[in-house]
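The next block holds one structure in the form of C-alpha coordinates; read it before the comments.
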Amino acid sequence: MKTAITGASGRIGNLLLKMLVENGHDVRVLAHRNRDGFEKLPVEIVGGSILEPPDLDRLAKDCDVIFHLAAVISIRGGFSEHLRKVNIAGTQNLLEAARRQNVRRVVSFGSVHAFSEDEPDTPFDETRPLALHAPMAYSRTKAEALDLTLRFAKENGPEVIALCPTSVLGPFDPEPSLSGQMLIDFYKGNIPMLAPGGFDWVDVRDVVAGALSAMHSGRSGEAYLLSGRYATMSDIVRIIGDVTGRPVPKHVAPYLLLRAVAPLVEVFSRITCTQPRFTRDAVVTLRRGSRFVSSEKARKDLGYTSRPLEDTIADAYQWFAQHNYL
(Lines give C-alpha, C1' and ligand atoms only; values in the text may rest on other atoms or scores of the structure.)
Protein backbone atom coordinates (compact mmCIF):
# COMPACT_ATOMS: atom_id res chain seq x y z
CA MET A 1 0.00 0.00 0.00
CA LYS A 2 1.28 3.47 -0.89
CA THR A 3 1.28 5.69 2.18
CA ALA A 4 2.49 9.21 2.96
CA ILE A 5 3.25 10.93 6.23
CA THR A 6 3.76 14.48 7.46
CA GLY A 7 5.48 15.15 10.77
CA ALA A 8 7.64 12.03 10.51
CA SER A 9 10.40 13.53 12.66
CA GLY A 10 8.02 14.17 15.56
CA ARG A 11 7.32 12.13 18.67
CA ILE A 12 4.61 9.88 17.22
CA GLY A 13 5.53 10.22 13.55
CA ASN A 14 9.06 8.92 14.07
CA LEU A 15 7.84 5.57 15.40
CA LEU A 16 4.87 5.39 13.03
CA LEU A 17 7.22 5.77 10.06
CA LYS A 18 9.40 2.91 11.27
CA MET A 19 6.37 0.67 11.80
CA LEU A 20 5.01 1.43 8.33
CA VAL A 21 8.35 0.43 6.82
CA GLU A 22 8.56 -2.71 8.97
CA ASN A 23 5.06 -3.68 7.86
CA GLY A 24 6.10 -3.51 4.22
CA HIS A 25 4.32 -0.35 3.13
CA ASP A 26 5.63 1.88 0.35
CA VAL A 27 6.18 5.15 2.24
CA ARG A 28 6.63 8.74 1.11
CA VAL A 29 7.72 11.38 3.65
CA LEU A 30 7.31 15.15 3.63
CA ALA A 31 10.59 16.63 4.86
CA HIS A 32 10.79 20.31 5.76
CA ARG A 33 14.04 20.81 7.66
CA ASN A 34 14.64 17.94 10.06
CA ARG A 35 15.27 14.60 8.35
CA ASP A 36 16.81 12.85 11.35
CA GLY A 37 15.55 9.34 11.83
CA PHE A 38 14.38 8.58 8.30
CA GLU A 39 17.10 9.48 5.81
CA LYS A 40 18.54 5.97 6.12
CA LEU A 41 15.17 4.25 5.79
CA PRO A 42 13.88 2.88 2.45
CA VAL A 43 11.41 5.72 1.95
CA GLU A 44 10.80 8.35 -0.70
CA ILE A 45 11.52 11.84 0.62
CA VAL A 46 9.62 14.84 -0.72
CA GLY A 47 11.19 18.13 0.31
CA GLY A 48 8.69 20.82 1.11
CA SER A 49 6.36 22.49 3.54
CA ILE A 50 2.88 21.84 4.88
CA LEU A 51 2.13 25.44 3.94
CA GLU A 52 2.87 24.93 0.22
CA PRO A 53 0.05 23.20 -1.73
CA PRO A 54 2.31 22.12 -4.66
CA ASP A 55 4.57 20.28 -2.19
CA LEU A 56 1.55 18.49 -0.75
CA ASP A 57 0.32 17.53 -4.20
CA ARG A 58 3.67 15.80 -4.82
CA LEU A 59 3.38 14.09 -1.44
CA ALA A 60 -0.18 12.85 -2.02
CA LYS A 61 0.13 11.75 -5.65
CA ASP A 62 -0.87 8.07 -6.10
CA CYS A 63 -1.17 7.50 -2.34
CA ASP A 64 -3.83 5.33 -0.72
CA VAL A 65 -3.48 6.66 2.84
CA ILE A 66 -1.92 9.82 4.29
CA PHE A 67 -1.02 10.23 7.94
CA HIS A 68 -1.03 13.89 8.92
CA LEU A 69 1.02 14.60 12.06
CA ALA A 70 2.84 17.85 11.25
CA ALA A 71 2.01 20.39 13.95
CA VAL A 72 3.50 22.94 16.28
CA ILE A 73 3.24 21.82 19.92
CA SER A 74 3.45 24.68 22.39
CA ILE A 75 3.01 25.04 26.16
CA ARG A 76 3.71 28.76 25.93
CA GLY A 77 0.80 31.07 26.59
CA GLY A 78 1.26 33.46 23.68
CA PHE A 79 -0.51 33.08 20.36
CA SER A 80 1.72 33.13 17.29
CA GLU A 81 0.85 33.35 13.64
CA HIS A 82 3.18 30.42 12.93
CA LEU A 83 1.21 28.25 15.38
CA ARG A 84 -2.02 29.08 13.58
CA LYS A 85 -0.60 28.64 10.08
CA VAL A 86 0.89 25.21 10.70
CA ASN A 87 -1.85 23.72 12.87
CA ILE A 88 -4.86 25.09 11.01
CA ALA A 89 -3.87 26.23 7.51
CA GLY A 90 -1.45 23.30 7.19
CA THR A 91 -4.23 20.84 7.96
CA GLN A 92 -6.55 22.52 5.44
CA ASN A 93 -3.81 22.39 2.79
CA LEU A 94 -3.20 18.70 3.39
CA LEU A 95 -6.86 17.76 3.18
CA GLU A 96 -7.35 19.69 -0.04
CA ALA A 97 -4.28 18.07 -1.61
CA ALA A 98 -5.61 14.64 -0.63
CA ARG A 99 -8.88 15.45 -2.39
CA ARG A 100 -7.13 16.71 -5.52
CA GLN A 101 -4.99 13.57 -5.68
CA ASN A 102 -7.85 11.12 -5.00
CA VAL A 103 -6.37 9.73 -1.80
CA ARG A 104 -8.61 7.03 -0.26
CA ARG A 105 -8.17 7.96 3.43
CA VAL A 106 -6.51 10.61 5.61
CA VAL A 107 -5.67 9.80 9.22
CA SER A 108 -5.25 13.22 10.81
CA PHE A 109 -3.77 13.61 14.27
CA GLY A 110 -5.47 15.98 16.68
CA SER A 111 -5.06 16.14 20.44
CA VAL A 112 -7.03 15.71 23.64
CA HIS A 113 -6.43 19.46 24.02
CA ALA A 114 -8.85 20.07 21.15
CA PHE A 115 -11.68 19.29 23.56
CA SER A 116 -12.94 21.50 26.38
CA GLU A 117 -11.24 20.89 29.73
CA ASP A 118 -14.18 22.24 31.73
CA GLU A 119 -15.65 19.93 34.37
CA PRO A 120 -12.54 17.74 34.92
CA ASP A 121 -14.39 15.36 37.27
CA THR A 122 -16.99 14.33 34.68
CA PRO A 123 -16.57 11.71 31.91
CA PHE A 124 -14.45 12.94 29.02
CA ASP A 125 -15.26 11.51 25.59
CA GLU A 126 -15.70 12.63 21.98
CA THR A 127 -19.08 14.23 22.71
CA ARG A 128 -17.39 17.07 24.61
CA PRO A 129 -17.48 20.50 22.94
CA LEU A 130 -14.35 21.62 21.15
CA ALA A 131 -12.05 24.08 22.90
CA LEU A 132 -12.60 26.82 20.32
CA HIS A 133 -12.42 29.54 22.98
CA ALA A 134 -9.83 28.03 25.30
CA PRO A 135 -7.33 30.42 26.93
CA MET A 136 -4.44 28.22 25.75
CA ALA A 137 -3.49 29.11 22.17
CA TYR A 138 -2.36 25.57 21.33
CA SER A 139 -5.73 24.15 22.40
CA ARG A 140 -7.60 26.66 20.23
CA THR A 141 -5.58 25.82 17.13
CA LYS A 142 -6.03 22.09 17.64
CA ALA A 143 -9.76 22.61 18.20
CA GLU A 144 -10.09 24.63 14.99
CA ALA A 145 -8.05 22.08 13.06
CA LEU A 146 -10.21 19.22 14.35
CA ASP A 147 -13.37 21.15 13.54
CA LEU A 148 -12.35 21.74 9.94
CA THR A 149 -11.17 18.12 9.62
CA LEU A 150 -14.54 16.70 10.67
CA ARG A 151 -16.42 19.18 8.48
CA PHE A 152 -14.20 18.33 5.52
CA ALA A 153 -15.04 14.65 5.94
CA LYS A 154 -18.68 15.43 5.16
CA GLU A 155 -17.75 16.79 1.74
CA ASN A 156 -16.92 14.78 -1.35
CA GLY A 157 -13.37 13.51 -1.18
CA PRO A 158 -11.26 11.12 0.85
CA GLU A 159 -12.36 9.36 3.98
CA VAL A 160 -11.06 11.32 6.98
CA ILE A 161 -10.75 10.27 10.60
CA ALA A 162 -9.03 12.08 13.45
CA LEU A 163 -7.00 10.51 16.26
CA CYS A 164 -6.65 12.51 19.47
CA PRO A 165 -4.09 11.08 21.91
CA THR A 166 -3.55 12.26 25.46
CA SER A 167 -0.04 13.04 26.80
CA VAL A 168 2.45 10.65 25.18
CA LEU A 169 5.17 8.80 27.09
CA GLY A 170 7.38 5.82 26.35
CA PRO A 171 10.48 4.72 24.45
CA PHE A 172 11.68 5.74 20.98
CA ASP A 173 12.01 9.42 21.93
CA PRO A 174 15.18 10.72 20.24
CA GLU A 175 14.64 14.47 20.50
CA PRO A 176 13.53 14.05 23.43
CA SER A 177 9.95 15.29 23.73
CA LEU A 178 8.71 17.54 26.55
CA SER A 179 7.35 14.53 28.44
CA GLY A 180 10.50 12.55 27.75
CA GLN A 181 12.66 15.39 29.05
CA MET A 182 10.48 15.41 32.16
CA LEU A 183 11.41 11.77 32.82
CA ILE A 184 15.09 12.54 32.27
CA ASP A 185 14.96 15.55 34.59
CA PHE A 186 13.30 13.52 37.35
CA TYR A 187 15.97 10.84 36.96
CA LYS A 188 18.78 13.41 37.23
CA GLY A 189 17.20 15.24 40.16
CA ASN A 190 16.66 18.46 38.20
CA ILE A 191 13.07 18.92 39.44
CA PRO A 192 13.02 19.60 43.20
CA MET A 193 9.25 19.88 43.67
CA LEU A 194 6.12 18.57 42.01
CA ALA A 195 3.30 20.42 40.33
CA PRO A 196 -0.19 19.74 41.69
CA GLY A 197 -2.64 17.80 39.58
CA GLY A 198 -2.11 15.27 36.84
CA PHE A 199 -3.04 14.15 33.35
CA ASP A 200 -3.91 11.12 31.25
CA TRP A 201 -0.73 9.46 29.93
CA VAL A 202 -0.59 7.09 26.96
CA ASP A 203 2.17 4.93 25.51
CA VAL A 204 3.49 6.04 22.12
CA ARG A 205 3.44 2.41 20.92
CA ASP A 206 -0.28 2.13 21.65
CA VAL A 207 -0.97 5.37 19.78
CA VAL A 208 0.97 4.11 16.76
CA ALA A 209 -0.90 0.80 16.87
CA GLY A 210 -4.14 2.79 16.82
CA ALA A 211 -2.90 4.75 13.81
CA LEU A 212 -2.03 1.59 11.89
CA SER A 213 -5.47 0.17 12.62
CA ALA A 214 -7.02 3.42 11.38
CA MET A 215 -5.70 2.73 7.88
CA HIS A 216 -8.63 0.34 7.42
CA SER A 217 -10.85 0.70 10.50
CA GLY A 218 -12.83 3.57 11.95
CA ARG A 219 -15.66 5.65 10.56
CA SER A 220 -14.99 8.60 8.29
CA GLY A 221 -15.92 11.92 9.87
CA GLU A 222 -15.26 10.67 13.41
CA ALA A 223 -12.71 11.65 16.06
CA TYR A 224 -11.19 9.04 18.35
CA LEU A 225 -9.61 9.71 21.73
CA LEU A 226 -6.57 7.53 22.43
CA SER A 227 -6.11 7.52 26.19
CA GLY A 228 -4.12 5.52 28.69
CA ARG A 229 -4.25 6.14 32.43
CA TYR A 230 -4.69 9.21 34.58
CA ALA A 231 -1.85 9.82 37.03
CA THR A 232 -0.91 12.75 39.22
CA MET A 233 2.66 13.98 39.23
CA SER A 234 3.00 12.30 42.63
CA ASP A 235 1.90 9.03 41.01
CA ILE A 236 4.41 9.52 38.20
CA VAL A 237 7.39 10.03 40.51
CA ARG A 238 6.35 7.09 42.67
CA ILE A 239 6.49 4.87 39.58
CA ILE A 240 9.81 6.46 38.58
CA GLY A 241 11.25 5.66 42.01
CA ASP A 242 9.99 2.08 41.81
CA VAL A 243 11.41 1.34 38.34
CA THR A 244 14.73 3.21 38.66
CA GLY A 245 15.52 3.09 42.38
CA ARG A 246 16.42 6.76 42.19
CA PRO A 247 15.39 9.31 44.83
CA VAL A 248 12.46 11.43 43.67
CA PRO A 249 10.85 14.62 45.00
CA LYS A 250 7.95 14.19 47.39
CA HIS A 251 6.76 17.73 48.04
CA VAL A 252 4.02 19.29 45.93
CA ALA A 253 4.43 23.02 45.28
CA PRO A 254 1.39 25.23 45.98
CA TYR A 255 -0.58 25.95 42.84
CA LEU A 256 -0.60 29.72 43.41
CA LEU A 257 3.17 29.74 43.87
CA LEU A 258 3.73 28.01 40.54
CA ARG A 259 1.31 30.37 38.80
CA ALA A 260 3.26 33.33 40.25
CA VAL A 261 6.68 31.95 39.25
CA ALA A 262 5.70 30.69 35.78
CA PRO A 263 5.89 34.11 34.03
CA LEU A 264 9.49 34.47 35.20
CA VAL A 265 10.32 31.01 33.86
CA GLU A 266 8.77 31.93 30.52
CA VAL A 267 10.73 35.18 30.28
CA PHE A 268 13.98 33.38 31.15
CA SER A 269 13.34 30.75 28.47
CA ARG A 270 12.80 33.43 25.83
CA ILE A 271 16.01 35.22 26.80
CA THR A 272 18.04 31.99 26.75
CA CYS A 273 16.20 30.49 23.74
CA THR A 274 15.42 27.33 25.72
CA GLN A 275 12.26 25.34 26.31
CA PRO A 276 10.61 26.32 29.63
CA ARG A 277 10.27 23.51 32.18
CA PHE A 278 6.77 24.75 32.93
CA THR A 279 4.46 27.62 31.98
CA ARG A 280 1.22 29.08 33.24
CA ASP A 281 -0.69 27.05 30.68
CA ALA A 282 1.08 23.84 31.68
CA VAL A 283 0.31 24.39 35.36
CA VAL A 284 -3.36 25.06 34.62
CA THR A 285 -3.54 22.03 32.31
CA LEU A 286 -2.22 19.70 35.01
CA ARG A 287 -4.65 21.10 37.55
CA ARG A 288 -7.61 20.63 35.18
CA GLY A 289 -6.57 17.35 33.60
CA SER A 290 -9.51 14.98 33.44
CA ARG A 291 -9.39 11.72 35.39
CA PHE A 292 -11.91 10.09 33.08
CA VAL A 293 -10.69 10.31 29.45
CA SER A 294 -12.48 7.48 27.65
CA SER A 295 -11.08 5.58 24.68
CA GLU A 296 -14.08 3.25 24.52
CA LYS A 297 -15.01 4.47 21.04
CA ALA A 298 -11.50 3.69 19.75
CA ARG A 299 -11.56 0.30 21.47
CA LYS A 300 -14.81 -0.54 19.70
CA ASP A 301 -14.03 0.80 16.22
CA LEU A 302 -10.23 0.48 16.03
CA GLY A 303 -9.50 -2.41 18.40
CA TYR A 304 -7.43 0.05 20.43
CA THR A 305 -5.78 -1.09 23.67
CA SER A 306 -3.45 0.60 26.17
CA ARG A 307 -0.79 -0.94 28.37
CA PRO A 308 0.02 -0.30 32.06
CA LEU A 309 1.69 3.03 32.80
CA GLU A 310 4.36 1.24 34.84
CA ASP A 311 5.48 -0.67 31.73
CA THR A 312 5.54 2.53 29.69
CA ILE A 313 7.78 4.38 32.14
CA ALA A 314 10.08 1.38 32.69
CA ASP A 315 10.53 0.90 28.93
CA ALA A 316 11.14 4.62 28.45
CA TYR A 317 14.00 4.59 30.97
CA GLN A 318 15.46 1.45 29.43
CA TRP A 319 15.46 3.16 26.02
CA PHE A 320 16.97 6.38 27.42
CA ALA A 321 19.70 4.37 29.16
CA GLN A 322 20.53 2.42 25.99
CA HIS A 323 20.85 5.68 24.04
CA ASN A 324 22.94 7.55 26.64
CA TYR A 325 20.36 10.13 27.75
CA LEU A 326 20.73 9.33 31.47
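Identifiers for the C-alpha coordinates are assigned positionally: chains receive A, B, ... in sequence, residues are indexed from 1 per chain, and ligands are indexed from 1 in the order shown.
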
Non-local contacts of segment 64-70 of chain A (6 Å; only C-alpha atoms; under 2 positions in same chain excluded) as a VMD selection string: chain A and resid 2 to 7 103 to 109

Leaving out Ile12 of chain A and any residue of its chain fewer than 2 positions from it, which residues lie within 8 Å of it when counting only C-alpha atoms, given as number ranges by chain? A: 8, 10, 14-16, 69, 204, 207-208

Give me the segment 82-171 of chain A side of the contact with segment 43-50 of chain A, cut-off 9 Å, one line per residue showing its nearest atom pair and distance in Å at one decimal, counting only C-alpha atoms, sorted by chain and residue number, as a Markdown table.
| residue | atom | partner | partner_atom | distance |
| --- | --- | --- | --- | --- |
| A:Val86 | CA | A:Ile50 | CA | 7.0 |
| A:Ala89 | CA | A:Ile50 | CA | 8.5 |
| A:Gly90 | CA | A:Ile50 | CA | 5.1 |
| A:Thr91 | CA | A:Ile50 | CA | 7.8 |
| A:Asn93 | CA | A:Ile50 | CA | 7.0 |
| A:Leu94 | CA | A:Ile50 | CA | 7.0 |

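Nearest residue to Ala153 of chain A among A:Gly221, A:Gly241, A:Pro42, A:Pro192 is A:Gly221, counting only C-alpha atoms.
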
Near segment 291-307 of chain A, counting only C-alpha atoms, which residues have an atom at most 6 Å away, once you skip same-chain residues fewer than 3 positions from it, shown as a VMD selection string? chain A and resid 123 to 125 206 210 213 217 to 218 224 to 228 230

I need the residues of segment 132-232 of chain A that end up classed as strand (DSSP E) by DSSP on the backbone, written out as a PyMOL selection string. chain A and resi 159-165+167-169+198-203+223-226+229-232

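Here the question is which of A:Leu309, A:Val248, A:Cys164, A:Ile240 gets nearest to Val202 of chain A using only C-alpha atoms, and that residue is A:Leu309.
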
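Taking atom CA of Leu20 of chain A and atom CA of Ala314 of chain A as endpoints, the distance between them is 24.9 Å.
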
Using the chain letters and numbers from this document, which residues of segment 117-307 of chain A does DSSP assign to alpha helix (DSSP H), as a PyMOL selection string? chain A and resi 137-152+178-188+204-213+233-244+255-272+280-288+296-302

Counting only C-alpha atoms, closest pick from A:Glu222, A:Asp242, A:Val21, A:Pro249 relative to Val160 of chain A is A:Glu222
